[in-house]
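Novice: Got a structure for you, questions after.
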Amino acid sequence: MQINGEFKPLIVAFCCNWCSYAGADLAGNNRLAYPENVKIIKVPCSCRVNPMFILRAFQRGADGVIICGCHPGDCHYTSGNYYTRRRMSLLFSMLNFLGIEKERTRVEWVSAAEGAKFAATMNEFTEAVAALGENKRLEDLRCKR
Amino acid sequence: MRKCSLQNLETVFEKISESMTLYIPADTKDGADFTKWTKGVQMSQALNTNRSAKDFFFPQTEDLVEFKTEGKNIEVIDTRKESEDFAVFGVRACDVKSFDILDRVFLTEPYDSYYATRREHGVIFSLACTRPAETCFCGTFGINPAEPGADVSMWKTDSEMFFEANTEKGKEILKKLESVTQSADASDVDGQKKKTGEIMKKLPLSDLSAEKFGKGMTSKYFDSPKWRELSATCIGCGTCTFVCPTCQCYDIKDFNSGKGVIRYRCWDSCMYSDFTKMAHGNSRNSQTERFRQRFMHKLVYYPDNNDGMFSCVGCGRCLNKCPISMNIVKVMKTLGGEDNE
Amino acid sequence: MQKINSTMLIEKAAQLLENGTADRVLGWKKGEFDYDITPAVFNSVDQIKKEFVFGDFCGANLSKYLVKETRKGDGKVAVFLKPCDTYSFNQLLTEKRFDREKVYAVGISCEGMADIFKVKQIAGDGIVSVSSDGENVKVETLYDGEKTIKLSDVIAERCINCKSRKCVAYDELMGEEGEIIDSDRFDMVSKIESMSEDERFGFWQNELSKCIRCNACRNVCPACTCEKCVFDNPDSCAQNKAPADSFEEKMFHIIRAFHVAGRCTDCGECSRVCPQNIPLHLLNRKFIKDIDTFYGEYQAGAQVGSRAPLVDYTEGDIEPGEAVMKGESENA
């Protein structure tokens with residue numbers, strides 16, 4: 001995403017309701033800075049994220065997509081994030097196979113107590129995506145005009 | 001009539017592309033397809049292209065209009081662009097005939113200006129066939145592959161390419177090509193025409209007749225029990241429709257880009273379960289009905305509305321591409337054969 | 001062992017109808033030429049004797065038709081299944097897509113099917129007749145007369161890389177049971193993995209941009225049996241009938257492959273039917289290869305009732321970040 005002629009990566013972060021979203025909240029409460037271009041979408045569980053959500057995010061202009069959920073074993077629904085882990089392993093490996101930069105996708109487990117980890121992850125991820133530049137390989141030009 | 005040697009064909013391409021974009025059939029690893037000509041692109045020897053030439057006038061998708069909203073205002077943007085001049089080289093007689101069929105749909109009221117602008121700006125160089133394939137049956141619909149028509153007809157011999165203008169547009173462009181072509185005698189290609197005629201008689205589908213179909217046959221075939229059998233294994237994909245040079249159904253859809261709405265049209269297929277879905281649901285609920293629609297349209301409904309003209313040109317693409325090898329030839333033989341049983 | 005031929009299957013099909021084992025038979029029907037064979041439902045012995053055929057161009061996998069066919073009435077459907085089709089058959093059963101009681105399955109051994117496009121590439125256009133004796137293919141053409149080509153030169157890609165000649169499900173077997181083959185089917189996937197990122201993108205951009213969204217790959221796929229596909233549902237926000245701006249076709253093919261990941265038996269029908277010759281099976285094989293690497297070898301359809309890897313997990317599963325790296329470098 002270009003803002004005033006400067007490239008700022010647009011990051012879509014899917015955060016689970018129980019851990020990661022609370023983690024993001026904690027980051028805010030603790031005044032920990034992370035880029036304003038990280039757009040959080042709250043989902044009931046990380047396994048709610050359908051591969052189509054991720055592709056849609058890229059289509060609509062995201063430069064990077066990150067999925068945050070409870071640590072394995074801590075899922076509010078017992079096993080949701082285990083499924084997320086398998087699905088995203090395969091999906092991201094496939095995107096990489098198609099030549100879509102692997103640095104644009106990530107899964108990170110962030111608990112409700114890990115506000116600092118949330119902020120650090122977002123900073124680091126944004127930086128990595130910024131280094132890649134704009135998402136050109138999964139873009140939809142119709143959304144850019 | 002004009003001619004040029006095959007070695008000099010490139011100068012003809014160069015000359016044409018001076019004033020317009022030129023597309024020629026070129027080989028890819030999967031067969032021939034129309035490709036934008038640039039220096040070095042060679043013309044394919046293949047009989048026909050994978051995709052038909054209808055793409056030039058009726059592309060798979062095109063934007064119709066765009067809406068942008070700001071506050072309570074809606075801005076309507078006309079996305080239509082005046083087409084630039086272009087030429088398509090090496091269109092076979094079957095595909096040439098398909099333009100007639102499409103014209104009757106798009107250029108009668110309601111007049112389709114999107115189609116019309118492309119039609120106006122396109123010049124078609126047709127190419128006579130010398131080696132029709134076993135899947136060819138253009139003869140069934142009265143098409144002569146040795147007299148391909150369109151703006152300029154072309155015949156290719158072992159060493160030369162012959163050009164004959166058929167329309168004003170054709171004459172104009174041949175005039176431009178005078179510097180790179182020589183004058184020729186129409187009788188130079190007679191031998192080839194005759195030879196093609198002989199081959200046509202030998203084609204395995206040469207005896208296929210459309211006589212039993214056409215105007216006013218709806219009641220005869222509509223309730224035939226054969227439809228169920230014919231469509232029993234149809235997988236309901238759109239392959240036949242999309243490779244067909246005469247299929248012209250489309251859908252108009254809105255795409256919300258987040259910044260506005262783009263209204264576009266795209267090819268649709270009567271084989272799809274959501275084809276012509278309306279508020280009350282679908283008009284054809286089973287694959288048999290959908291299958292019947294496609295063939296009845298080609299063989300009966302279209303002729304009903306167009307002075308008996310069929311909307312199949314016998315190019316054979318569906319014969320080659322259908323995943324289950326079910327096609328119009330089998331349909332015609334099965335339905336037409338009913339009387340004899 | 002004698003190669004299965006038309007006569008043997010016609011006899012068997014007729015017998016199954018006559019002795020009441022089944023009241024209809026799913027098989028292959030003669031076409032206009034020797035190669036354009038259509039899957040068909042046969043209801044009478046007469047019809048079987050007149051139109052049933054089996055040969056080198058009977059590639060179509062009949063197992064998916066059982067979903068639709070078994071819903072029609074009470075009688076039994078007899079079906080002929082090649083080894084790869086039996087895997088699809090098992091997978092459909094695992095997903096409870098049809099009633100096993102209503103099917104009589106005849107497994108038939110298979111040594112690979114021919115690809116008519118390969119024949120045409122070698123023999124040229126205008127094929128009047130084509131027949132094979134199991135080793136050579138005799139082709140008669142309009143322009144070049146008779147030609148003999150090796151059957152092995154025109155075998156379909158999926159059969160060259162056949163994973164198994166073993167019929168894993170049947171009520172009755174014709175021919176040998178066959179064996180699982182140690183195939184090189186992942187070679188092309190590995191080759192693409194070892195390309196640079198830009199090359200991979202270029203390869204797929206080129207292939208997928210040919211897509212005309214005819215949906216043949218989806219509709220023929222025995223793993224794609226949703227009653228209403230998300231891509232056909234106007235309410236899904238995903239419906240898009242056409243390739244657009246190089247995004248929609250990528251979306252479609254990624255989702256299509258992902259949706260059958262862990263359930264795809266690698267029967268290769270998607271690539272067989274693609275009118276644009278896109279090597280779609282490579283997407284499915286990438287998932288299969290990754291599943292094998294990450295979670296241990298798994299063959300969908302090998303057994304009825306096995307748990308697909310995507311509806312399963314272990315606590316120690318690989319993390320997505322590592323998986324992507326491993327999926328790239330695990331080039332055996």
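Every chain in the structure tokens takes a letter, A first, then B, and so on in the order presented; its residues are numbered from 1, and the ligands are numbered from 1 following the presented order.
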Each residue of chain C lying at most 9 Å from chain B should get a row with its shortest atom-to-atom pair and the distance in Å to one decimal, counting only C-alpha atoms; could you produce that, ordered by chain and increasing number, as JSON lines?
Specialist:
{"residue": "C:Gly31", "atom": "CA", "partner": "B:Ser325", "partner_atom": "CA", "distance": 7.7}
{"residue": "C:Glu32", "atom": "CA", "partner": "B:Lys330", "partner_atom": "CA", "distance": 7.3}
{"residue": "C:Phe33", "atom": "CA", "partner": "B:Pro204", "partner_atom": "CA", "distance": 8.6}
{"residue": "C:Tyr35", "atom": "CA", "partner": "B:Ser325", "partner_atom": "CA", "distance": 8.9}
{"residue": "C:Asp36", "atom": "CA", "partner": "B:Ser325", "partner_atom": "CA", "distance": 5.2}
{"residue": "C:Ile37", "atom": "CA", "partner": "B:Ser325", "partner_atom": "CA", "distance": 6.0}
{"residue": "C:Thr38", "atom": "CA", "partner": "B:Ile324", "partner_atom": "CA", "distance": 5.0}
{"residue": "C:Pro39", "atom": "CA", "partner": "B:Thr233", "partner_atom": "CA", "distance": 6.1}
{"residue": "C:Ala40", "atom": "CA", "partner": "B:Thr233", "partner_atom": "CA", "distance": 6.1}
{"residue": "C:Val41", "atom": "CA", "partner": "B:Ala232", "partner_atom": "CA", "distance": 7.1}
{"residue": "C:Ala60", "atom": "CA", "partner": "B:Ile324", "partner_atom": "CA", "distance": 7.3}
{"residue": "C:Tyr65", "atom": "CA", "partner": "B:Thr233", "partner_atom": "CA", "distance": 7.3}
{"residue": "C:Phe117", "atom": "CA", "partner": "B:Asn320", "partner_atom": "CA", "distance": 9.0}
{"residue": "C:Asp125", "atom": "CA", "partner": "B:Ala133", "partner_atom": "CA", "distance": 5.5}
{"residue": "C:Gly126", "atom": "CA", "partner": "B:Ala133", "partner_atom": "CA", "distance": 4.2}
{"residue": "C:Ile127", "atom": "CA", "partner": "B:Glu134", "partner_atom": "CA", "distance": 6.0}
{"residue": "C:Val128", "atom": "CA", "partner": "B:Glu134", "partner_atom": "CA", "distance": 6.5}
{"residue": "C:Thr141", "atom": "CA", "partner": "B:Glu134", "partner_atom": "CA", "distance": 8.7}
{"residue": "C:Leu142", "atom": "CA", "partner": "B:Glu134", "partner_atom": "CA", "distance": 7.9}
{"residue": "C:Tyr143", "atom": "CA", "partner": "B:Arg131", "partner_atom": "CA", "distance": 7.7}
{"residue": "C:Ile212", "atom": "CA", "partner": "B:Phe242", "partner_atom": "CA", "distance": 7.3}
{"residue": "C:Arg213", "atom": "CA", "partner": "B:Gly238", "partner_atom": "CA", "distance": 7.9}
{"residue": "C:Cys214", "atom": "CA", "partner": "B:Gly238", "partner_atom": "CA", "distance": 4.4}
{"residue": "C:Asn215", "atom": "CA", "partner": "B:Cys237", "partner_atom": "CA", "distance": 5.3}
{"residue": "C:Ala216", "atom": "CA", "partner": "B:Cys237", "partner_atom": "CA", "distance": 4.8}
{"residue": "C:Cys217", "atom": "CA", "partner": "B:Cys237", "partner_atom": "CA", "distance": 8.4}
{"residue": "C:Arg218", "atom": "CA", "partner": "B:Cys237", "partner_atom": "CA", "distance": 8.3}
{"residue": "C:Asn219", "atom": "CA", "partner": "B:Ile235", "partner_atom": "CA", "distance": 5.8}
{"residue": "C:Val220", "atom": "CA", "partner": "B:Ile235", "partner_atom": "CA", "distance": 6.3}
{"residue": "C:Asp232", "atom": "CA", "partner": "B:Asp274", "partner_atom": "CA", "distance": 6.6}
{"residue": "C:Asn233", "atom": "CA", "partner": "B:Asp274", "partner_atom": "CA", "distance": 7.7}
{"residue": "C:Pro234", "atom": "CA", "partner": "B:Asp274", "partner_atom": "CA", "distance": 8.2}
{"residue": "C:Asn240", "atom": "CA", "partner": "B:Lys253", "partner_atom": "CA", "distance": 8.6}
{"residue": "C:Lys241", "atom": "CA", "partner": "B:Cys266", "partner_atom": "CA", "distance": 7.0}
{"residue": "C:Ala242", "atom": "CA", "partner": "B:Cys266", "partner_atom": "CA", "distance": 6.2}
{"residue": "C:Pro243", "atom": "CA", "partner": "B:Thr61", "partner_atom": "CA", "distance": 7.8}
{"residue": "C:Ala244", "atom": "CA", "partner": "B:Thr61", "partner_atom": "CA", "distance": 7.3}
{"residue": "C:Arg272", "atom": "CA", "partner": "B:Pro323", "partner_atom": "CA", "distance": 7.7}
{"residue": "C:Val273", "atom": "CA", "partner": "B:Pro323", "partner_atom": "CA", "distance": 4.8}
{"residue": "C:Cys274", "atom": "CA", "partner": "B:Pro323", "partner_atom": "CA", "distance": 7.7}
{"residue": "C:Pro275", "atom": "CA", "partner": "B:Lys321", "partner_atom": "CA", "distance": 5.5}
{"residue": "C:Gln276", "atom": "CA", "partner": "B:Asp30", "partner_atom": "CA", "distance": 7.3}
{"residue": "C:Asn277", "atom": "CA", "partner": "B:Asp30", "partner_atom": "CA", "distance": 6.5}
{"residue": "C:Ile278", "atom": "CA", "partner": "B:Asp30", "partner_atom": "CA", "distance": 9.0}
Novice: Just need the residues of chain A within 8 Å of chain C, counting only C-alpha atoms, so spit them out as an mmCIF file with N, CA and C atoms, in the first residue's frame.
Specialist:
data_model
loop_
_atom_site.group_PDB
_atom_site.id
_atom_site.type_symbol
_atom_site.label_atom_id
_atom_site.label_comp_id
_atom_site.auth_asym_id
_atom_site.auth_seq_id
_atom_site.Cartn_x
_atom_site.Cartn_y
_atom_site.Cartn_z
ATOM 1 N N PRO A 51 -8.768 -21.003 3.895
ATOM 2 C CA PRO A 51 -7.736 -20.552 2.952
ATOM 3 C C PRO A 51 -8.222 -19.425 2.044
ATOM 4 N N MET A 52 -9.522 -19.423 1.792
ATOM 5 C CA MET A 52 -10.061 -18.388 0.919
ATOM 6 C C MET A 52 -9.943 -17.005 1.563
ATOM 7 N N LEU A 55 -6.465 -15.747 0.716
ATOM 8 C CA LEU A 55 -6.336 -15.325 -0.682
ATOM 9 C C LEU A 55 -7.117 -14.033 -0.932
ATOM 10 N N GLN A 59 -5.966 -10.479 -2.360
ATOM 11 C CA GLN A 59 -6.663 -9.883 -3.504
ATOM 12 C C GLN A 59 -7.035 -8.437 -3.230
ATOM 13 N N PRO A 72 -0.295 -24.254 20.703
ATOM 14 C CA PRO A 72 -0.789 -25.636 20.589
ATOM 15 C C PRO A 72 -0.965 -26.243 21.988
ATOM 16 N N GLY A 73 -2.118 -26.829 22.187
ATOM 17 C CA GLY A 73 -2.416 -27.393 23.498
ATOM 18 C C GLY A 73 -3.273 -26.462 24.333
ATOM 19 N N TYR A 82 -4.624 -27.041 16.296
ATOM 20 C CA TYR A 82 -3.884 -28.153 15.689
ATOM 21 C C TYR A 82 -4.272 -28.295 14.219
ATOM 22 N N TYR A 83 -5.555 -28.094 13.975
ATOM 23 C CA TYR A 83 -6.004 -28.162 12.577
ATOM 24 C C TYR A 83 -5.455 -26.982 11.780
ATOM 25 N N ARG A 85 -2.733 -25.538 12.247
ATOM 26 C CA ARG A 85 -1.318 -25.786 11.994
ATOM 27 C C ARG A 85 -1.139 -26.654 10.751
ATOM 28 N N ARG A 86 -1.930 -27.708 10.644
ATOM 29 C CA ARG A 86 -1.803 -28.565 9.467
ATOM 30 C C ARG A 86 -2.239 -27.841 8.196
ATOM 31 N N ARG A 87 -3.376 -27.180 8.292
ATOM 32 C CA ARG A 87 -3.897 -26.505 7.098
ATOM 33 C C ARG A 87 -2.926 -25.462 6.589
ATOM 34 N N MET A 88 -2.429 -24.651 7.494
ATOM 35 C CA MET A 88 -1.575 -23.557 7.056
ATOM 36 C C MET A 88 -0.207 -24.062 6.604
ATOM 37 N N SER A 89 0.259 -25.144 7.206
ATOM 38 C CA SER A 89 1.513 -25.742 6.731
ATOM 39 C C SER A 89 1.367 -26.086 5.256
ATOM 40 N N LEU A 90 0.269 -26.737 4.929
ATOM 41 C CA LEU A 90 0.070 -27.168 3.547
ATOM 42 C C LEU A 90 -0.221 -25.986 2.624
ATOM 43 N N LEU A 91 -1.069 -25.090 3.083
ATOM 44 C CA LEU A 91 -1.435 -23.962 2.219
ATOM 45 C C LEU A 91 -0.218 -23.084 1.927
ATOM 46 N N PHE A 92 0.542 -22.762 2.960
ATOM 47 C CA PHE A 92 1.673 -21.865 2.753
ATOM 48 C C PHE A 92 2.755 -22.544 1.927
ATOM 49 N N SER A 93 2.894 -23.832 2.116
ATOM 50 C CA SER A 93 3.852 -24.559 1.291
ATOM 51 C C SER A 93 3.404 -24.522 -0.172
ATOM 52 N N MET A 94 2.093 -24.611 -0.391
ATOM 53 C CA MET A 94 1.572 -24.540 -1.751
ATOM 54 C C MET A 94 1.789 -23.154 -2.358
ATOM 55 N N ASN A 96 4.084 -21.108 -1.652
ATOM 56 C CA ASN A 96 5.505 -21.040 -1.950
ATOM 57 C C ASN A 96 5.811 -21.803 -3.244
ATOM 58 N N PHE A 97 5.149 -22.943 -3.415
ATOM 59 C CA PHE A 97 5.314 -23.764 -4.611
ATOM 60 C C PHE A 97 4.892 -22.975 -5.861
ATOM 61 N N LEU A 98 3.899 -22.120 -5.697
ATOM 62 C CA LEU A 98 3.412 -21.321 -6.821
ATOM 63 C C LEU A 98 4.264 -20.064 -7.037
ATOM 64 N N GLY A 99 5.286 -19.939 -6.232
ATOM 65 C CA GLY A 99 6.188 -18.817 -6.419
ATOM 66 C C GLY A 99 5.765 -17.554 -5.693
ATOM 67 N N ILE A 100 4.835 -17.698 -4.759
ATOM 68 C CA ILE A 100 4.419 -16.528 -3.981
ATOM 69 C C ILE A 100 5.310 -16.453 -2.751
ATOM 70 N N GLU A 101 5.924 -15.294 -2.552
ATOM 71 C CA GLU A 101 6.977 -15.161 -1.548
ATOM 72 C C GLU A 101 6.544 -15.722 -0.190
ATOM 73 N N LYS A 102 7.346 -16.638 0.335
ATOM 74 C CA LYS A 102 6.981 -17.294 1.595
ATOM 75 C C LYS A 102 7.007 -16.339 2.789
ATOM 76 N N ARG A 106 2.519 -16.059 7.470
ATOM 77 C CA ARG A 106 3.102 -16.551 8.722
ATOM 78 C C ARG A 106 2.004 -17.011 9.679
ATOM 79 N N VAL A 107 2.385 -17.962 10.525
ATOM 80 C CA VAL A 107 1.515 -18.359 11.628
ATOM 81 C C VAL A 107 2.315 -18.137 12.911
ATOM 82 N N ARG A 137 2.156 -10.710 -6.780
ATOM 83 C CA ARG A 137 1.915 -12.043 -7.327
ATOM 84 C C ARG A 137 0.535 -12.593 -7.007
ATOM 85 N N LEU A 138 -0.088 -12.028 -6.006
ATOM 86 C CA LEU A 138 -1.456 -12.449 -5.704
ATOM 87 C C LEU A 138 -2.367 -11.237 -5.681
ATOM 88 N N GLU A 139 -2.054 -10.300 -6.551
ATOM 89 C CA GLU A 139 -2.858 -9.083 -6.541
ATOM 90 C C GLU A 139 -3.994 -9.224 -7.557
ATOM 91 N N ASP A 140 -4.972 -8.379 -7.379
ATOM 92 C CA ASP A 140 -6.049 -8.300 -8.360
ATOM 93 C C ASP A 140 -6.110 -6.845 -8.789
ATOM 94 N N LEU A 141 -5.761 -6.615 -10.042
ATOM 95 C CA LEU A 141 -5.659 -5.223 -10.500
ATOM 96 C C LEU A 141 -6.981 -4.475 -10.391
ATOM 97 N N ARG A 142 -8.066 -5.222 -10.410
ATOM 98 C CA ARG A 142 -9.369 -4.562 -10.309
ATOM 99 C C ARG A 142 -9.519 -3.836 -8.976
#
Novice: Could you write out as a ChimeraX atom specification the residues of chain B within 10 Å of chain A, counting only C-alpha atoms?
Specialist: /B:255-262
Novice: Can I get the selected residues back with N, CA and C atoms, as a short mmCIF file (atom, residue, chain, number, x, y, z; two decimals), in the first residue's frame?
Specialist:
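File produced: again_23.cif:
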data_model
loop_
_atom_site.label_atom_id
_atom_site.label_comp_id
_atom_site.auth_asym_id
_atom_site.auth_seq_id
_atom_site.Cartn_x
_atom_site.Cartn_y
_atom_site.Cartn_z
N PHE B 255 -18.57 -6.92 -9.53
CA PHE B 255 -17.43 -7.24 -8.68
C PHE B 255 -17.17 -6.05 -7.76
N ASN B 256 -17.24 -6.32 -6.48
CA ASN B 256 -17.00 -5.27 -5.52
C ASN B 256 -15.52 -5.24 -5.19
N SER B 257 -14.86 -4.19 -5.64
CA SER B 257 -13.42 -4.15 -5.48
C SER B 257 -13.02 -3.51 -4.16
N GLY B 258 -14.00 -3.11 -3.38
CA GLY B 258 -13.70 -2.45 -2.13
C GLY B 258 -13.66 -0.95 -2.32
N LYS B 259 -13.35 -0.53 -3.55
CA LYS B 259 -13.31 0.91 -3.84
C LYS B 259 -14.47 1.32 -4.73
N GLY B 260 -15.17 0.35 -5.21
CA GLY B 260 -16.27 0.60 -6.12
C GLY B 260 -16.79 -0.71 -6.64
N VAL B 261 -17.66 -0.60 -7.61
CA VAL B 261 -18.21 -1.83 -8.17
C VAL B 261 -17.93 -1.84 -9.67
N ILE B 262 -17.41 -2.96 -10.13
CA ILE B 262 -17.16 -3.10 -11.55
C ILE B 262 -18.21 -4.06 -12.10
#
Novice: Just the residues within 7 Å of range 36-42 of chain B, please, counting only C-alpha atoms, with nothing from its chain fewer than 3 positions along; format it as a short mmCIF file (atom, residue, chain, number, x, y, z; two decimals) with N, CA and C atoms, in the first residue's frame.
Specialist:
data_model
loop_
_atom_site.label_atom_id
_atom_site.label_comp_id
_atom_site.auth_asym_id
_atom_site.auth_seq_id
_atom_site.Cartn_x
_atom_site.Cartn_y
_atom_site.Cartn_z
N LEU B 22 -1.55 -7.23 -35.15
CA LEU B 22 -1.80 -8.43 -35.94
C LEU B 22 -1.72 -9.67 -35.06
N TYR B 23 -2.70 -10.55 -35.22
CA TYR B 23 -2.68 -11.82 -34.50
C TYR B 23 -2.59 -12.94 -35.51
N ILE B 24 -1.68 -13.88 -35.26
CA ILE B 24 -1.57 -15.03 -36.16
C ILE B 24 -1.60 -16.31 -35.32
N ALA B 26 -0.04 -19.25 -33.80
CA ALA B 26 1.35 -19.66 -33.58
C ALA B 26 1.36 -20.88 -32.67
#
Novice: Could you please write out, as a ChimeraX atom specification, every residue of range 6-196 of chain B that DSSP assigns to strand (DSSP E or B)?
Specialist: /B:21-28,31-36,61-70,73-78,86-91,122-127,152-156,160-165,182-183
Novice: Convert the current residue selection to file output with C-alpha atoms, as a short mmCIF file (atom, residue, chain, number, x, y, z; two decimals), in the first residue's frame.
Specialist:
data_model
loop_
_atom_site.label_atom_id
_atom_site.label_comp_id
_atom_site.auth_asym_id
_atom_site.auth_seq_id
_atom_site.Cartn_x
_atom_site.Cartn_y
_atom_site.Cartn_z
CA THR B 21 -2.09 -5.10 -34.22
CA LEU B 22 -1.80 -8.43 -35.94
CA TYR B 23 -2.68 -11.82 -34.50
CA ILE B 24 -1.57 -15.03 -36.16
CA PRO B 25 -1.95 -18.67 -35.15
CA ALA B 26 1.35 -19.66 -33.58
CA ASP B 27 2.44 -22.93 -32.03
CA THR B 28 2.63 -23.32 -28.28
CA GLY B 31 -1.11 -26.63 -29.88
CA ALA B 32 -1.79 -23.49 -31.87
CA ASP B 33 -3.34 -20.32 -30.53
CA PHE B 34 -3.77 -16.81 -31.87
CA THR B 35 -0.75 -14.84 -30.76
CA LYS B 36 0.14 -11.21 -31.20
CA THR B 61 -14.61 -11.18 -19.76
CA GLU B 62 -15.08 -7.50 -20.36
CA ASP B 63 -15.93 -4.60 -18.11
CA LEU B 64 -19.16 -2.86 -18.99
CA VAL B 65 -19.33 -0.04 -16.50
CA GLU B 66 -17.85 0.97 -13.19
CA PHE B 67 -19.45 2.64 -10.21
CA LYS B 68 -17.61 4.60 -7.58
CA THR B 69 -19.22 5.91 -4.47
CA GLU B 70 -18.12 8.78 -2.35
CA ASN B 73 -22.67 10.29 -4.60
CA ILE B 74 -22.37 7.55 -7.13
CA GLU B 75 -20.11 8.17 -10.04
CA VAL B 76 -20.83 6.08 -13.13
CA ILE B 77 -17.77 5.49 -15.25
CA ASP B 78 -18.09 4.24 -18.80
CA PHE B 86 -6.51 -5.11 -35.52
CA ALA B 87 -6.13 -7.95 -37.98
CA VAL B 88 -6.57 -11.67 -37.40
CA PHE B 89 -4.66 -13.87 -39.78
CA GLY B 90 -5.41 -17.46 -40.70
CA VAL B 91 -9.00 -17.85 -39.53
CA GLY B 122 -11.17 -6.00 -36.94
CA VAL B 123 -9.95 -7.24 -40.30
CA ILE B 124 -10.18 -10.97 -40.87
CA PHE B 125 -7.80 -12.84 -43.13
CA SER B 126 -9.30 -16.26 -43.60
CA LEU B 127 -7.30 -19.28 -44.68
CA VAL B 152 -9.62 -11.40 -47.25
CA SER B 153 -9.56 -15.06 -48.28
CA MET B 154 -6.20 -16.75 -48.35
CA TRP B 155 -4.94 -19.98 -49.87
CA LYS B 156 -1.64 -21.46 -48.92
CA GLU B 160 3.04 -19.24 -51.87
CA MET B 161 0.21 -17.49 -50.10
CA PHE B 162 -2.66 -16.13 -52.22
CA PHE B 163 -4.92 -13.27 -51.19
CA GLU B 164 -8.35 -12.34 -52.48
CA ALA B 165 -10.33 -9.42 -51.07
CA GLN B 182 2.46 -9.62 -56.54
CA SER B 183 -0.55 -9.95 -58.72
#
Novice: Which polymer residues have any atom within 9 Å of an atom of Met122 in chain A, counting only C-alpha atoms, with same-chain residues fewer than 3 positions away left out, as a VMD selection string?
Specialist: chain A and resid 11 13 34 to 35 38 66 117 to 119 125 to 127
Novice: By how many Å are CA of Leu9 in chain C and CA of Lys163 in chain C apart?
Specialist: 24.1 Å
Novice: If you count only C-alpha atoms, which residues fall within 9 Å of Lys147 in chain C, apart from same-chain ones fewer than 3 positions away, as a compact mmCIF listing (two decimals) with N, CA and C atoms, in the first residue's frame?
Specialist:
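Resulting contents of part_10.txt:
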# COMPACT_ATOMS: atom_id res chain seq x y z
N ALA C 123 1.26 -39.00 -34.92
CA ALA C 123 0.73 -39.49 -36.19
C ALA C 123 0.13 -38.38 -37.05
N VAL C 137 0.71 -49.48 -31.59
CA VAL C 137 -0.55 -48.85 -31.98
C VAL C 137 -0.53 -48.64 -33.48
N LYS C 138 -1.55 -49.15 -34.13
CA LYS C 138 -1.64 -48.97 -35.57
C LYS C 138 -2.58 -47.80 -35.82
N VAL C 139 -2.08 -46.80 -36.52
CA VAL C 139 -2.89 -45.62 -36.78
C VAL C 139 -3.05 -45.45 -38.29
N GLU C 140 -4.28 -45.29 -38.73
CA GLU C 140 -4.49 -45.00 -40.13
C GLU C 140 -4.92 -43.55 -40.24
N THR C 141 -4.20 -42.80 -41.07
CA THR C 141 -4.55 -41.39 -41.19
C THR C 141 -4.98 -41.06 -42.62
N ASP C 144 -1.34 -39.58 -44.34
CA ASP C 144 -0.05 -40.28 -44.37
C ASP C 144 -0.21 -41.79 -44.35
Novice: For range 23-30 of chain A, please output as number ranges by chain all residues within 12 Å (counting only C-alpha atoms; exclusion window: fewer than 6 positions along the same chain).
Specialist: A: 13-17, 36, 38-42, 68-71, 108-123
Novice: Mind dumping the selected residues with C-alpha atoms as a compact mmCIF listing (two decimals), in the first residue's frame?
Specialist:
# COMPACT_ATOMS: atom_id res chain seq x y z
CA ALA A 13 -3.67 -10.32 11.06
CA PHE A 14 -6.28 -12.93 11.86
CA CYS A 15 -6.35 -13.21 15.64
CA CYS A 16 -8.24 -15.75 17.65
CA ASN A 17 -10.71 -14.38 20.12
CA GLU A 36 -0.66 1.01 12.29
CA VAL A 38 -1.55 -4.10 10.80
CA LYS A 39 -5.28 -4.67 10.45
CA ILE A 40 -6.61 -7.16 12.95
CA ILE A 41 -9.53 -9.39 12.13
CA LYS A 42 -10.92 -11.19 15.14
CA CYS A 68 -2.31 -15.78 15.31
CA GLY A 69 -3.83 -18.34 17.63
CA CYS A 70 -3.44 -19.91 21.05
CA HIS A 71 -0.34 -21.99 21.60
CA GLU A 108 2.42 -17.29 15.14
CA TRP A 109 1.09 -18.54 18.45
CA VAL A 110 0.43 -15.64 20.81
CA SER A 111 -1.14 -16.12 24.21
CA ALA A 112 -3.23 -13.56 26.09
CA ALA A 113 -0.22 -12.85 28.28
CA GLU A 114 2.14 -12.22 25.39
CA GLY A 115 1.47 -8.60 24.56
CA ALA A 116 5.15 -8.02 24.02
CA LYS A 117 5.40 -11.00 21.70
CA PHE A 118 2.46 -9.72 19.72
CA ALA A 119 4.02 -6.31 19.18
CA ALA A 120 7.44 -7.79 18.42
CA THR A 121 5.94 -10.28 15.94
CA MET A 122 4.04 -7.55 14.13
CA ASN A 123 7.08 -5.31 13.97
Novice: Could you please write out, as a PyMOL selection string, every residue of range 214-269 of chain B that DSSP assigns to alpha helix (DSSP H)?
Specialist: chain B and resi 218-221+226-231+239-243
Novice: Measure the distance from CA of Asp188 in chain B to CA of Thr140 in chain B in Å and round it to one decimal.
Specialist: 27.1 Å
Novice: Would you mind listing what lies within 12 Å of Asp190 in chain B as a PyMOL selection string, with only C-alpha atoms counted and same-chain residues fewer than 3 positions away left out?
Specialist: chain B and resi 128+146-147+155-157+162+185-187+193-197
Novice: Of the residues A:Lys8, A:Ile67, A:Ile3, A:Ile54, which is the one nearest to Glu134 in chain A, using only C-alpha atoms?
Specialist: A:Lys8
